[in-house]
Every structure is written in C-alpha cells, then in structure tokens.
Amino acid sequence: MKMRGRESAKSKPGGFSGRVPLLVGIALGLGCWPACGGGGATTTIPTLAEIQISPANSQIPLGATSQMKATGVYTDGSKQNLTPFVTWSVSSSSGSTNFVSIDSTGLAKGMAPGTSIINASLRTAVGVTQLSVNTNGLSTSTIAILTVPFQGASVDAAYFPQSHTPNAQGVYTVQELNLSADQFSSALPIPSALIASVPMPPGYVPNAAAASPANKEVAVISYSSPNVQVIDANNDIVNDLTSNTVIATFTAPVTKTAAFNGINCMICGIVINPTTGQALLSTAQGYFTMDLNSGAFTSLPLAPIAFPAANFTLNPLNPDAQLVFSPTYGQDPDFPGEVQLLNLSNNTVVTNTGLGTVLPGAVAIDFFTNAAVVSDRGGANQALLNLNELQNPSPTTWAASETLVPVTGGCGTPPAQLSMAAMIEGVGSQQQRRVLFSSQPSGNCVGFETPPSGLVPGPPDPVATFYGFGTMPPLPDGSGFANGGDPNAISAYVSISNKKMYGLLTNVNQDWIARVDLASVANGLLIGLPDGQDVSGALLAGQGGNPIVYLPTAGPLEVCTIPTLTPILPPGTCN
C-alpha cells in the first residue's frame, strides 16, 4: 500500500471575526432603547423583520452536506449574517421522517431521498426553506458524478476515465467534464466541456469511478490492476494544492481475474456507500469495503459464495438491511441465469435461478418502492421483483417474477437487448418521479421506463410500467453514436443546477458523452401514453441541444499562470 500525504489548506466558512455586529446586538436587546442620551431626538432602532435562508429550495446528494446561511433583514433594509445566532431545526411534511439532519451551525446533511423543511429562528422571527435529497441510484458506473464549484456557480461534474487512448505523455487520464457546459457556451456543438485532466500513475489504465459527495473524493479502479486511485475532487484550486490530483493509491488484496463479455477484471465494480463513506468493491475474489482515508480493505464474509459482478446496485436505505443486488452474469457454471441478493447486515447471500433470464447483465432498484429490475443480456427481457418481501431473505421468499419485453420494434428486428440499465429518482420539483434508463451494448438503441408510482402486494405490474424506445441521433461530426460493451458505461443523475433528471452514455471511442433529458423524452410515458412507443423523433429533435446534448470528452486546454499555481482550466476562464 502506498499513500501520498495531503498538502491542502482547506478553506473555512466565514464568520464574524469573534464579535457580534451592532444590529445583531440590538436585535438581541443588547443595544439602547429609543431616546437614549436624554433630551435628544428620538431614534428609531431597526428591528429584525425576517430571516432569509440560503441556498433556498436547493438540493444535495444523499450523504452530502450543505452549509446553510441565515440572513436577517431589518426594518431599515439592512442585512446581517445571523447563521451562528439562530436556532436551526428540521421538519418534514411527510410525518416523522426527516430526510435531512442539521446541526447547531447550520450544516445540513442528506439522510434519505425526500424533501424536508429547514427552519432558522431567532426570537419571533422564523426563516423557512426546503432542502431536497436526491440519489443517483448507487449503481456501478464508468463515470463518477460530483457537484463542484465552477465560475461562481455549482455544476455537475463527471469524472470520466479515459481508458482507450493515453495523452501525449503516454499517461492515461481521468477527465473532469462539466455536464452543464451548454449553459456556459454560446456555440453548438459545444467546443469544450473540460474542467481538468487528472493524470494517472504510469501504466495505470482507469476504467470506472465512484464519487464520495461527503468528502469530495473520487475513487478510480482499473480492471487490470488491484490498485485504487483516490482523487482530491474539491476543485478548490486557490486553497488546495492537491485539488484534482491523485492523493492516494491503495492496493486491494486481489490477484485473480474474472471474465465478463470479453472484459477481464481484478476489481470489477465500485460504489461509494453514502451512509458509511466507504467504498464497496466487487472483485474476482469476493466483495470488499475500502476506507477512503486509511486505505484499509475488509473482506466481507458472505455465505454462501457471492459471485463477482461487473454491475451491481447498493440499497443502503432498505429498512431491514443494507442490500446489494447483483447479476452473476454467468459466473455460476450451473446456473448462468442466477441473480443474487447480498445482505450486508448479516453477510448472507440469497440466490434465485428461476427468473427466466438467460444471462443477467444489469440490475436497478427503485428506492421509493424497493422494486427491482433485472435486465437480460441474453435476450430482450426484464425480470421485475418486489424486494419488500425479503425481510428475512431465503430462497422461498423471492417474489414471483413477471417478464416484461420493453422493445417490440423500432430498434431493429429482432428487438435490441437493452441490457445496460440505470435508475434515477427525482424528488422536490420532480415530485418523486423515477425513470429507468436503459441502452443497448455496442449499439444505439435506448429505452425509457416509468415504474408504477405505488407498490401493490406481489411483484411490480408490467401493465402499470410504461416504456418507450428509440435510436440515438448522429454525433455532431455526422457519424453514428454507438455504445461500448462495458456494462457500466451508463449512468443517471439529478442535476444540481436545474433539478432535472439526466441519463449519460459514452460513445464507443470515448470521444463524446451523451446527456439525455430523461423527463423530456419520457414525458409521454409519465402521463400514461400507450406502451412500446417509438420516441426516436423526440431524440432526433434534441440534436440541437434538448433533450440530447453531446459533450466532448477532450478539448483545447488553456493554461493560466497564477503565482505559485498553474491550474488547467477550460478556454475562456483565464480572465
């Protein structure tokens, strides 16, 4: 194990430099009353009229924190920062469940997907705002998504491993891309989405990544190496000299490899558990947790055997136990169609070989209903399950599955195998909508499904699950878009900037990322139009920027010279 020390000087939120402002003292009754000084003119003392909380009506990822600020507005129009003096509290309109916690300093943390009310009170004045918690599905993915500062705003950044082509120095990189680059560009196609390029150690080929929103770090794995690279991703280029550099290399105790669709992997998938802050890794030698700070690996004593998976989903919010839902992708020679459910609370493994799938390739879980989807790599089918019936997992408690054929035409005959899947769930302005985004490996067919809003006893009802499909439009250079074969090359997220739900796909050459506005494309599905509709027209209409934006994964870099610091920034940010 090798670890590089950090040399960062983290910035701290501003305060009052140890003294209470005059108006705050007056509001607390520490100033003098009107007509002070005797015999003089009467002085009207400004009083606290209202409290404003910022950021207002915002959102954070599950496990992330947000520093709330309380600003007092006084009767004379003046304003004061009251953050340390107010009493912070949180409530929820849904009842006893609070999706957010907040401490006495106003630091809020996302505890579960949903919306809570933040209150800041001082005497009779009370400020109120909403804070929503979203999750990006907690499935393995090629791309790690994180909220970062950019040009005075907060944007969604994708940390994208470039595993196909090394840079001019022969080193492979992880590209940090601005997923909201179209908001900062007046030209289409977008000339550059690049924020930073993070070089990997010599000879290290990055394949997949996962982000920790709590400590602003990104963990990168390579299928051909037991090493995990940790990137400092806070993007504070002024106060943190290690920002967007590899700050640690940790070596997993893995020597064997597993094979998935032509991919040989030592470490096959990674997810950051937002409730523990630790990484969860599927390897050729079992599942491990990894501490992002110390680099300690802990082997999970799962029994019976848990097969490795190139794609798995973590559900840390299940009320009975933290669960890992995993397709075995043919790893069991006796049952190639097997799927597994890993209970991380008691380290038990439940298997199911009777779903009717030929070669399970990807899975997704709806956190709101605990319904699960298994996509079949061996056919155009899906198995739908109700994981609520697994409070005490055993082979007999699996819900009977129903098979849904989501593609009946439009993407070719026979139907395309949409065996890449990512579930996204939006809260707040999205009103807890969710969309299952799926795609065809080594092709350009995509699918959109809207699970039922409620869960009735038994497995999800295919009749209540609306779906559509379509082909991706050409790339800006006129060539066709095509996915790679990696089952992790699909992801979805809720944007910090506009609270929309997006899906992400990577072109096979890794030169473009497609950002798909899921709600825009699937709008007809959300209101219940007939199943199996072809939405190719909606996808093609978006070629100019909505609902599909193509983001280049590399672009011209401009080096800005700053004393003692030479950060790499995208064009147009030096002045």
# chains A, B, ... in the order shown; residues from 1 in each chain; ligands from 1

$ residues_around --residues "A:Ala210" --least-positions-apart "2" --cutoff "6 Å" --atoms "only C-alpha atoms" --output "JSON, numbers by chain"
{"A": [144, 218, 219, 271]}

$ write_last_selection --atoms "C-alpha atoms" --output "JSON list (two decimals), in the first residue's frame"
[["chain", "number", "residue", "atom", "x", "y", "z"],
["A", 144, "ALA", "CA", -18.36, 9.39, -11.16],
["A", 218, "VAL", "CA", -13.31, 10.18, -6.40],
["A", 219, "ALA", "CA", -12.14, 6.56, -6.29],
["A", 271, "VAL", "CA", -19.82, 2.12, -5.41]]

$ residues_around --residues "A:Ser479" --least-positions-apart "3" --cutoff "12 Å" --atoms "only C-alpha atoms" --output "number ranges by chain"
A: 444, 472-476, 482, 507-509, 511-512

$ atom_distance --atom1 "atom CA of A:Ala303" --atom2 "atom CA of A:Gln285"
13.4 Å

$ closest_residue --among "A:Thr471, A:Ser439, A:Ser66, A:Thr129" --to "A:Leu539" --atoms "only C-alpha atoms"
A:Thr471

$ atom_distance --atom1 "atom CA of A:Val339" --atom2 "atom CA of A:Pro487"
15.6 Å

$ closest_residue --among "A:Leu314, A:Ile190, A:Thr289, A:Thr328" --to "A:Ala258" --atoms "only C-alpha atoms"
A:Thr328

$ residues_around --residues "stretch 489-492 of chain A" --least-positions-apart "2" --cutoff "8 Å" --atoms "only C-alpha atoms" --output "PyMOL selection string"
chain A and resi 136-137+139+141-143+420-424+437-439+483-487+494+501-506

$ write_last_selection --atoms "N, CA, C and O atoms" --output "JSON list (two decimals), in the first residue's frame"
[["chain", "number", "residue", "atom", "x", "y", "z"],
["A", 136, "ASN", "N", -28.33, 9.22, -7.05],
["A", 136, "ASN", "CA", -28.10, 8.84, -8.43],
["A", 136, "ASN", "C", -28.17, 7.34, -8.64],
["A", 136, "ASN", "O", -27.61, 6.80, -9.59],
["A", 137, "GLY", "N", -28.85, 6.64, -7.75],
["A", 137, "GLY", "CA", -29.11, 5.23, -7.97],
["A", 137, "GLY", "C", -28.14, 4.28, -7.33],
["A", 137, "GLY", "O", -28.48, 3.11, -7.12],
["A", 139, "SER", "N", -25.57, 2.69, -8.35],
["A", 139, "SER", "CA", -25.17, 1.55, -9.18],
["A", 139, "SER", "C", -23.76, 1.79, -9.69],
["A", 139, "SER", "O", -23.31, 2.93, -9.81],
["A", 141, "SER", "N", -20.80, 2.35, -12.18],
["A", 141, "SER", "CA", -20.81, 3.15, -13.41],
["A", 141, "SER", "C", -19.38, 3.46, -13.81],
["A", 141, "SER", "O", -18.47, 3.48, -12.97],
["A", 142, "THR", "N", -19.20, 3.69, -15.09],
["A", 142, "THR", "CA", -17.90, 4.17, -15.57],
["A", 142, "THR", "C", -17.60, 5.55, -15.03],
["A", 142, "THR", "O", -16.47, 5.88, -14.68],
["A", 143, "ILE", "N", -18.64, 6.40, -14.93],
["A", 143, "ILE", "CA", -18.48, 7.81, -14.63],
["A", 143, "ILE", "C", -18.86, 8.10, -13.18],
["A", 143, "ILE", "O", -19.88, 7.61, -12.69],
["A", 420, "MET", "N", -28.17, -2.67, -20.54],
["A", 420, "MET", "CA", -27.49, -1.68, -19.71],
["A", 420, "MET", "C", -28.58, -0.84, -19.06],
["A", 420, "MET", "O", -29.48, -0.35, -19.74],
["A", 421, "ALA", "N", -28.53, -0.67, -17.75],
["A", 421, "ALA", "CA", -29.64, -0.01, -17.06],
["A", 421, "ALA", "C", -29.15, 0.90, -15.95],
["A", 421, "ALA", "O", -28.14, 0.62, -15.29],
["A", 422, "ALA", "N", -29.88, 2.01, -15.76],
["A", 422, "ALA", "CA", -29.61, 2.94, -14.65],
["A", 422, "ALA", "C", -30.93, 3.53, -14.20],
["A", 422, "ALA", "O", -31.71, 4.02, -15.02],
["A", 423, "MET", "N", -31.20, 3.47, -12.90],
["A", 423, "MET", "CA", -32.43, 4.03, -12.34],
["A", 423, "MET", "C", -32.14, 5.40, -11.75],
["A", 423, "MET", "O", -31.15, 5.60, -11.05],
["A", 424, "ILE", "N", -33.00, 6.37, -12.05],
["A", 424, "ILE", "CA", -32.86, 7.69, -11.47],
["A", 424, "ILE", "C", -34.18, 8.09, -10.83],
["A", 424, "ILE", "O", -35.25, 7.83, -11.39],
["A", 437, "PHE", "N", -33.55, 4.18, -17.20],
["A", 437, "PHE", "CA", -32.88, 4.48, -18.46],
["A", 437, "PHE", "C", -32.07, 3.25, -18.84],
["A", 437, "PHE", "O", -31.28, 2.73, -18.04],
["A", 438, "SER", "N", -32.28, 2.74, -20.04],
["A", 438, "SER", "CA", -31.57, 1.54, -20.48],
["A", 438, "SER", "C", -31.00, 1.75, -21.86],
["A", 438, "SER", "O", -31.41, 2.65, -22.60],
["A", 439, "SER", "N", -30.03, 0.91, -22.22],
["A", 439, "SER", "CA", -29.38, 1.07, -23.51],
["A", 439, "SER", "C", -28.85, -0.25, -24.01],
["A", 439, "SER", "O", -28.69, -1.22, -23.25],
["A", 483, "ASN", "N", -22.72, 2.74, -28.33],
["A", 483, "ASN", "CA", -22.17, 2.45, -27.00],
["A", 483, "ASN", "C", -21.03, 1.45, -27.09],
["A", 483, "ASN", "O", -20.91, 0.70, -28.06],
["A", 484, "GLY", "N", -20.22, 1.43, -26.03],
["A", 484, "GLY", "CA", -19.25, 0.38, -25.89],
["A", 484, "GLY", "C", -19.90, -0.85, -25.28],
["A", 484, "GLY", "O", -21.11, -0.90, -25.04],
["A", 485, "GLY", "N", -19.10, -1.87, -24.99],
["A", 485, "GLY", "CA", -19.63, -3.10, -24.45],
["A", 485, "GLY", "C", -19.55, -3.22, -22.94],
["A", 485, "GLY", "O", -20.01, -4.20, -22.37],
["A", 486, "ASP", "N", -18.96, -2.21, -22.28],
["A", 486, "ASP", "CA", -18.82, -2.25, -20.83],
["A", 486, "ASP", "C", -20.20, -2.09, -20.19],
["A", 486, "ASP", "O", -20.89, -1.10, -20.44],
["A", 487, "PRO", "N", -20.64, -3.03, -19.34],
["A", 487, "PRO", "CA", -21.96, -2.90, -18.73],
["A", 487, "PRO", "C", -22.09, -1.72, -17.79],
["A", 487, "PRO", "O", -23.21, -1.35, -17.41],
["A", 494, "VAL", "N", -29.46, 13.49, -11.01],
["A", 494, "VAL", "CA", -30.32, 14.66, -10.90],
["A", 494, "VAL", "C", -29.43, 15.89, -10.85],
["A", 494, "VAL", "O", -28.53, 15.99, -10.01],
["A", 501, "MET", "N", -33.70, 15.35, -14.37],
["A", 501, "MET", "CA", -33.11, 14.02, -14.38],
["A", 501, "MET", "C", -32.46, 13.76, -15.74],
["A", 501, "MET", "O", -33.11, 13.94, -16.79],
["A", 502, "TYR", "N", -31.21, 13.34, -15.72],
["A", 502, "TYR", "CA", -30.47, 13.10, -16.95],
["A", 502, "TYR", "C", -29.89, 11.68, -16.96],
["A", 502, "TYR", "O", -29.54, 11.14, -15.91],
["A", 503, "GLY", "N", -29.78, 11.13, -18.15],
["A", 503, "GLY", "CA", -29.04, 9.90, -18.37],
["A", 503, "GLY", "C", -27.76, 10.19, -19.12],
["A", 503, "GLY", "O", -27.69, 11.16, -19.89],
["A", 504, "LEU", "N", -26.75, 9.37, -18.90],
["A", 504, "LEU", "CA", -25.45, 9.55, -19.56],
["A", 504, "LEU", "C", -25.05, 8.27, -20.28],
["A", 504, "LEU", "O", -25.18, 7.17, -19.73],
["A", 505, "LEU", "N", -24.56, 8.43, -21.50],
["A", 505, "LEU", "CA", -23.99, 7.33, -22.27],
["A", 505, "LEU", "C", -22.67, 7.79, -22.87],
["A", 505, "LEU", "O", -22.50, 8.97, -23.20],
["A", 506, "THR", "N", -21.74, 6.86, -23.03],
["A", 506, "THR", "CA", -20.43, 7.17, -23.59],
["A", 506, "THR", "C", -20.29, 6.51, -24.95],
["A", 506, "THR", "O", -20.56, 5.32, -25.10]]

$ residues_around --residues "A:Asp156" --least-positions-apart "2" --cutoff "7 Å" --atoms "only C-alpha atoms" --output "list in words"
Ile145, Leu146, Thr147, Val148, Ala158, Asn178, Leu179, Ser180, Ser495 and Ile496 of chain A

$ atom_distance --atom1 "atom CA of A:Leu82" --atom2 "atom CA of A:Val427"
29.1 Å

$ closest_atom_pairs --of "stretch 217-318 of chain A" --to "stretch 350-365 of chain A" --cutoff "10 Å" --atoms "only C-alpha atoms" --output "tab-separated table"
residue	atom	partner	partner_atom	distance
A:Phe260	CA	A:Gly361	CA	9.3
A:Asn261	CA	A:Gly361	CA	9.6
A:Ala303	CA	A:Val350	CA	8.8
A:Pro304	CA	A:Val350	CA	8.0
A:Ile305	CA	A:Val350	CA	9.6
A:Ala306	CA	A:Val350	CA	9.0
A:Ala309	CA	A:Gly361	CA	8.7
A:Ala310	CA	A:Gly361	CA	8.2
A:Asn311	CA	A:Ala362	CA	5.7
A:Phe312	CA	A:Val363	CA	6.3
A:Thr313	CA	A:Ala364	CA	6.0
A:Leu314	CA	A:Ile365	CA	8.2
A:Asn315	CA	A:Ile365	CA	7.4

$ write_last_selection --atoms "all heavy atoms" --output "mmCIF file, in the first residue's frame"
data_model
loop_
_atom_site.group_PDB
_atom_site.id
_atom_site.type_symbol
_atom_site.label_atom_id
_atom_site.label_comp_id
_atom_site.auth_asym_id
_atom_site.auth_seq_id
_atom_site.Cartn_x
_atom_site.Cartn_y
_atom_site.Cartn_z
ATOM 1 N N PHE A 260 -16.069 -10.987 -17.983
ATOM 2 C CA PHE A 260 -17.417 -10.535 -18.311
ATOM 3 C C PHE A 260 -17.415 -9.999 -19.742
ATOM 4 O O PHE A 260 -16.839 -8.951 -20.004
ATOM 5 C CB PHE A 260 -17.874 -9.425 -17.359
ATOM 6 C CG PHE A 260 -17.988 -9.839 -15.928
ATOM 7 C CD1 PHE A 260 -16.932 -9.646 -15.048
ATOM 8 C CD2 PHE A 260 -19.141 -10.434 -15.451
ATOM 9 C CE1 PHE A 260 -17.029 -10.022 -13.727
ATOM 10 C CE2 PHE A 260 -19.245 -10.809 -14.124
ATOM 11 C CZ PHE A 260 -18.188 -10.612 -13.261
ATOM 12 N N ASN A 261 -18.058 -10.721 -20.648
ATOM 13 C CA ASN A 261 -18.244 -10.231 -22.016
ATOM 14 C C ASN A 261 -16.939 -9.738 -22.631
ATOM 15 O O ASN A 261 -16.870 -8.663 -23.218
ATOM 16 C CB ASN A 261 -19.289 -9.111 -22.041
ATOM 17 C CG ASN A 261 -19.754 -8.790 -23.444
ATOM 18 O OD1 ASN A 261 -19.924 -9.688 -24.259
ATOM 19 N ND2 ASN A 261 -19.950 -7.514 -23.734
ATOM 20 N N ALA A 303 -21.830 -15.612 2.880
ATOM 21 C CA ALA A 303 -22.072 -17.045 2.745
ATOM 22 C C ALA A 303 -23.542 -17.269 2.385
ATOM 23 O O ALA A 303 -24.433 -16.622 2.949
ATOM 24 C CB ALA A 303 -21.724 -17.776 4.041
ATOM 25 N N PRO A 304 -23.809 -18.168 1.436
ATOM 26 C CA PRO A 304 -22.821 -18.901 0.632
ATOM 27 C C PRO A 304 -22.045 -17.960 -0.281
ATOM 28 O O PRO A 304 -22.157 -16.740 -0.140
ATOM 29 C CB PRO A 304 -23.684 -19.883 -0.157
ATOM 30 C CG PRO A 304 -25.018 -19.222 -0.240
ATOM 31 C CD PRO A 304 -25.196 -18.483 1.056
ATOM 32 N N ILE A 305 -21.313 -18.484 -1.224
ATOM 33 C CA ILE A 305 -20.408 -17.693 -2.034
ATOM 34 C C ILE A 305 -21.165 -16.607 -2.793
ATOM 35 O O ILE A 305 -22.265 -16.818 -3.307
ATOM 36 C CB ILE A 305 -19.627 -18.592 -3.016
ATOM 37 C CG1 ILE A 305 -18.588 -17.765 -3.765
ATOM 38 C CG2 ILE A 305 -20.576 -19.297 -3.974
ATOM 39 C CD1 ILE A 305 -17.657 -18.612 -4.609
ATOM 40 N N ALA A 306 -20.572 -15.420 -2.845
ATOM 41 C CA ALA A 306 -21.102 -14.314 -3.638
ATOM 42 C C ALA A 306 -20.244 -14.181 -4.883
ATOM 43 O O ALA A 306 -19.042 -13.931 -4.791
ATOM 44 C CB ALA A 306 -21.090 -13.022 -2.833
ATOM 45 N N ALA A 309 -19.485 -9.439 -9.840
ATOM 46 C CA ALA A 309 -20.420 -8.823 -10.781
ATOM 47 C C ALA A 309 -19.780 -7.580 -11.377
ATOM 48 O O ALA A 309 -19.160 -6.793 -10.664
ATOM 49 C CB ALA A 309 -21.726 -8.466 -10.090
ATOM 50 N N ALA A 310 -19.923 -7.428 -12.673
ATOM 51 C CA ALA A 310 -19.432 -6.215 -13.322
ATOM 52 C C ALA A 310 -20.385 -5.053 -13.093
ATOM 53 O O ALA A 310 -20.029 -3.900 -13.271
ATOM 54 C CB ALA A 310 -19.259 -6.467 -14.817
ATOM 55 N N ASN A 311 -21.613 -5.369 -12.716
ATOM 56 C CA ASN A 311 -22.614 -4.338 -12.464
ATOM 57 C C ASN A 311 -23.431 -4.768 -11.253
ATOM 58 O O ASN A 311 -23.931 -5.896 -11.212
ATOM 59 C CB ASN A 311 -23.522 -4.166 -13.689
ATOM 60 C CG ASN A 311 -24.693 -3.233 -13.432
ATOM 61 O OD1 ASN A 311 -25.696 -3.630 -12.856
ATOM 62 N ND2 ASN A 311 -24.570 -1.999 -13.868
ATOM 63 N N PHE A 312 -23.525 -3.906 -10.238
ATOM 64 C CA PHE A 312 -24.372 -4.199 -9.087
ATOM 65 C C PHE A 312 -24.945 -2.909 -8.534
ATOM 66 O O PHE A 312 -24.461 -1.813 -8.834
ATOM 67 C CB PHE A 312 -23.608 -4.970 -7.995
ATOM 68 C CG PHE A 312 -22.501 -4.190 -7.335
ATOM 69 C CD1 PHE A 312 -22.747 -3.378 -6.239
ATOM 70 C CD2 PHE A 312 -21.191 -4.284 -7.784
ATOM 71 C CE1 PHE A 312 -21.738 -2.668 -5.608
ATOM 72 C CE2 PHE A 312 -20.167 -3.586 -7.167
ATOM 73 C CZ PHE A 312 -20.437 -2.772 -6.079
ATOM 74 N N THR A 313 -25.986 -3.035 -7.731
ATOM 75 C CA THR A 313 -26.660 -1.882 -7.135
ATOM 76 C C THR A 313 -26.698 -2.039 -5.625
ATOM 77 O O THR A 313 -27.025 -3.111 -5.118
ATOM 78 C CB THR A 313 -28.089 -1.738 -7.675
ATOM 79 O OG1 THR A 313 -28.038 -1.411 -9.064
ATOM 80 C CG2 THR A 313 -28.840 -0.630 -6.950
ATOM 81 N N LEU A 314 -26.363 -0.952 -4.930
ATOM 82 C CA LEU A 314 -26.415 -0.924 -3.474
ATOM 83 C C LEU A 314 -27.671 -0.193 -3.035
ATOM 84 O O LEU A 314 -28.001 0.878 -3.552
ATOM 85 C CB LEU A 314 -25.183 -0.204 -2.915
ATOM 86 C CG LEU A 314 -25.205 0.146 -1.422
ATOM 87 C CD1 LEU A 314 -25.137 -1.115 -0.573
ATOM 88 C CD2 LEU A 314 -24.050 1.087 -1.078
ATOM 89 N N ASN A 315 -28.404 -0.784 -2.088
ATOM 90 C CA ASN A 315 -29.533 -0.102 -1.450
ATOM 91 C C ASN A 315 -29.258 -0.002 0.051
ATOM 92 O O ASN A 315 -29.571 -0.904 0.810
ATOM 93 C CB ASN A 315 -30.841 -0.848 -1.687
ATOM 94 C CG ASN A 315 -32.041 -0.117 -1.085
ATOM 95 O OD1 ASN A 315 -31.898 0.984 -0.566
ATOM 96 N ND2 ASN A 315 -33.205 -0.726 -1.153
#

$ decode --residues "stretch 69-97 of chain A" --atoms "N, CA and C atoms" --output "mmCIF file, in the first residue's frame"
data_model
loop_
_atom_site.group_PDB
_atom_site.id
_atom_site.type_symbol
_atom_site.label_atom_id
_atom_site.label_comp_id
_atom_site.auth_asym_id
_atom_site.auth_seq_id
_atom_site.Cartn_x
_atom_site.Cartn_y
_atom_site.Cartn_z
ATOM 1 N N LYS A 69 -27.093 29.245 5.377
ATOM 2 C CA LYS A 69 -26.800 30.578 5.890
ATOM 3 C C LYS A 69 -28.103 31.304 6.205
ATOM 4 N N ALA A 70 -28.175 31.905 7.379
ATOM 5 C CA ALA A 70 -29.342 32.691 7.789
ATOM 6 C C ALA A 70 -28.982 34.175 7.733
ATOM 7 N N THR A 71 -29.751 34.929 6.973
ATOM 8 C CA THR A 71 -29.531 36.367 6.838
ATOM 9 C C THR A 71 -30.723 37.115 7.426
ATOM 10 N N GLY A 72 -30.452 37.999 8.371
ATOM 11 C CA GLY A 72 -31.506 38.804 8.970
ATOM 12 C C GLY A 72 -31.762 40.064 8.166
ATOM 13 N N VAL A 73 -33.032 40.336 7.871
ATOM 14 C CA VAL A 73 -33.427 41.556 7.171
ATOM 15 C C VAL A 73 -34.151 42.448 8.175
ATOM 16 N N TYR A 74 -33.660 43.696 8.331
ATOM 17 C CA TYR A 74 -34.165 44.597 9.363
ATOM 18 C C TYR A 74 -35.112 45.639 8.767
ATOM 19 N N THR A 75 -35.816 46.292 9.657
ATOM 20 C CA THR A 75 -36.856 47.234 9.237
ATOM 21 C C THR A 75 -36.301 48.422 8.469
ATOM 22 N N ASP A 76 -35.007 48.716 8.591
ATOM 23 C CA ASP A 76 -34.420 49.808 7.822
ATOM 24 C C ASP A 76 -33.813 49.319 6.507
ATOM 25 N N GLY A 77 -34.013 48.031 6.181
ATOM 26 C CA GLY A 77 -33.498 47.480 4.934
ATOM 27 C C GLY A 77 -32.111 46.874 5.036
ATOM 28 N N SER A 78 -31.464 47.030 6.158
ATOM 29 C CA SER A 78 -30.120 46.470 6.308
ATOM 30 C C SER A 78 -30.199 44.947 6.521
ATOM 31 N N LYS A 79 -29.054 44.299 6.301
ATOM 32 C CA LYS A 79 -28.996 42.845 6.439
ATOM 33 C C LYS A 79 -27.776 42.449 7.266
ATOM 34 N N GLN A 80 -27.909 41.353 8.005
ATOM 35 C CA GLN A 80 -26.809 40.839 8.810
ATOM 36 C C GLN A 80 -26.790 39.308 8.735
ATOM 37 N N ASN A 81 -25.598 38.763 8.777
ATOM 38 C CA ASN A 81 -25.436 37.306 8.808
ATOM 39 C C ASN A 81 -25.733 36.817 10.223
ATOM 40 N N LEU A 82 -26.809 36.039 10.383
ATOM 41 C CA LEU A 82 -27.219 35.550 11.706
ATOM 42 C C LEU A 82 -26.975 34.053 11.885
ATOM 43 N N THR A 83 -26.204 33.458 10.974
ATOM 44 C CA THR A 83 -26.036 31.998 10.971
ATOM 45 C C THR A 83 -25.672 31.424 12.338
ATOM 46 N N PRO A 84 -24.709 32.001 13.088
ATOM 47 C CA PRO A 84 -24.357 31.404 14.382
ATOM 48 C C PRO A 84 -25.361 31.688 15.500
ATOM 49 N N PHE A 85 -26.300 32.632 15.282
ATOM 50 C CA PHE A 85 -27.160 33.077 16.369
ATOM 51 C C PHE A 85 -28.570 32.496 16.316
ATOM 52 N N VAL A 86 -28.969 31.975 15.159
ATOM 53 C CA VAL A 86 -30.313 31.424 15.045
ATOM 54 C C VAL A 86 -30.339 30.002 15.601
ATOM 55 N N THR A 87 -31.539 29.517 15.865
ATOM 56 C CA THR A 87 -31.739 28.119 16.239
ATOM 57 C C THR A 87 -32.179 27.352 14.997
ATOM 58 N N TRP A 88 -31.370 26.365 14.622
ATOM 59 C CA TRP A 88 -31.642 25.585 13.421
ATOM 60 C C TRP A 88 -32.463 24.352 13.781
ATOM 61 N N SER A 89 -33.439 24.028 12.945
ATOM 62 C CA SER A 89 -34.237 22.820 13.141
ATOM 63 C C SER A 89 -34.711 22.320 11.785
ATOM 64 N N VAL A 90 -35.213 21.081 11.773
ATOM 65 C CA VAL A 90 -35.673 20.473 10.531
ATOM 66 C C VAL A 90 -36.978 19.743 10.808
ATOM 67 N N SER A 91 -37.875 19.743 9.846
ATOM 68 C CA SER A 91 -39.139 19.032 9.953
ATOM 69 C C SER A 91 -39.493 18.469 8.584
ATOM 70 N N SER A 92 -40.539 17.664 8.552
ATOM 71 C CA SER A 92 -40.946 17.055 7.306
ATOM 72 C C SER A 92 -42.458 17.026 7.224
ATOM 73 N N SER A 93 -42.965 17.369 6.046
ATOM 74 C CA SER A 93 -44.409 17.351 5.855
ATOM 75 C C SER A 93 -44.947 15.929 5.771
ATOM 76 N N SER A 94 -44.038 14.946 5.575
ATOM 77 C CA SER A 94 -44.485 13.562 5.424
ATOM 78 C C SER A 94 -44.709 12.867 6.761
ATOM 79 N N GLY A 95 -44.389 13.547 7.852
ATOM 80 C CA GLY A 95 -44.600 12.926 9.155
ATOM 81 C C GLY A 95 -43.324 12.909 9.965
ATOM 82 N N SER A 96 -43.017 11.754 10.525
ATOM 83 C CA SER A 96 -41.891 11.651 11.449
ATOM 84 C C SER A 96 -40.555 11.523 10.755
ATOM 85 N N THR A 97 -40.538 11.222 9.454
ATOM 86 C CA THR A 97 -39.284 11.006 8.742
ATOM 87 C C THR A 97 -38.675 12.333 8.319
#
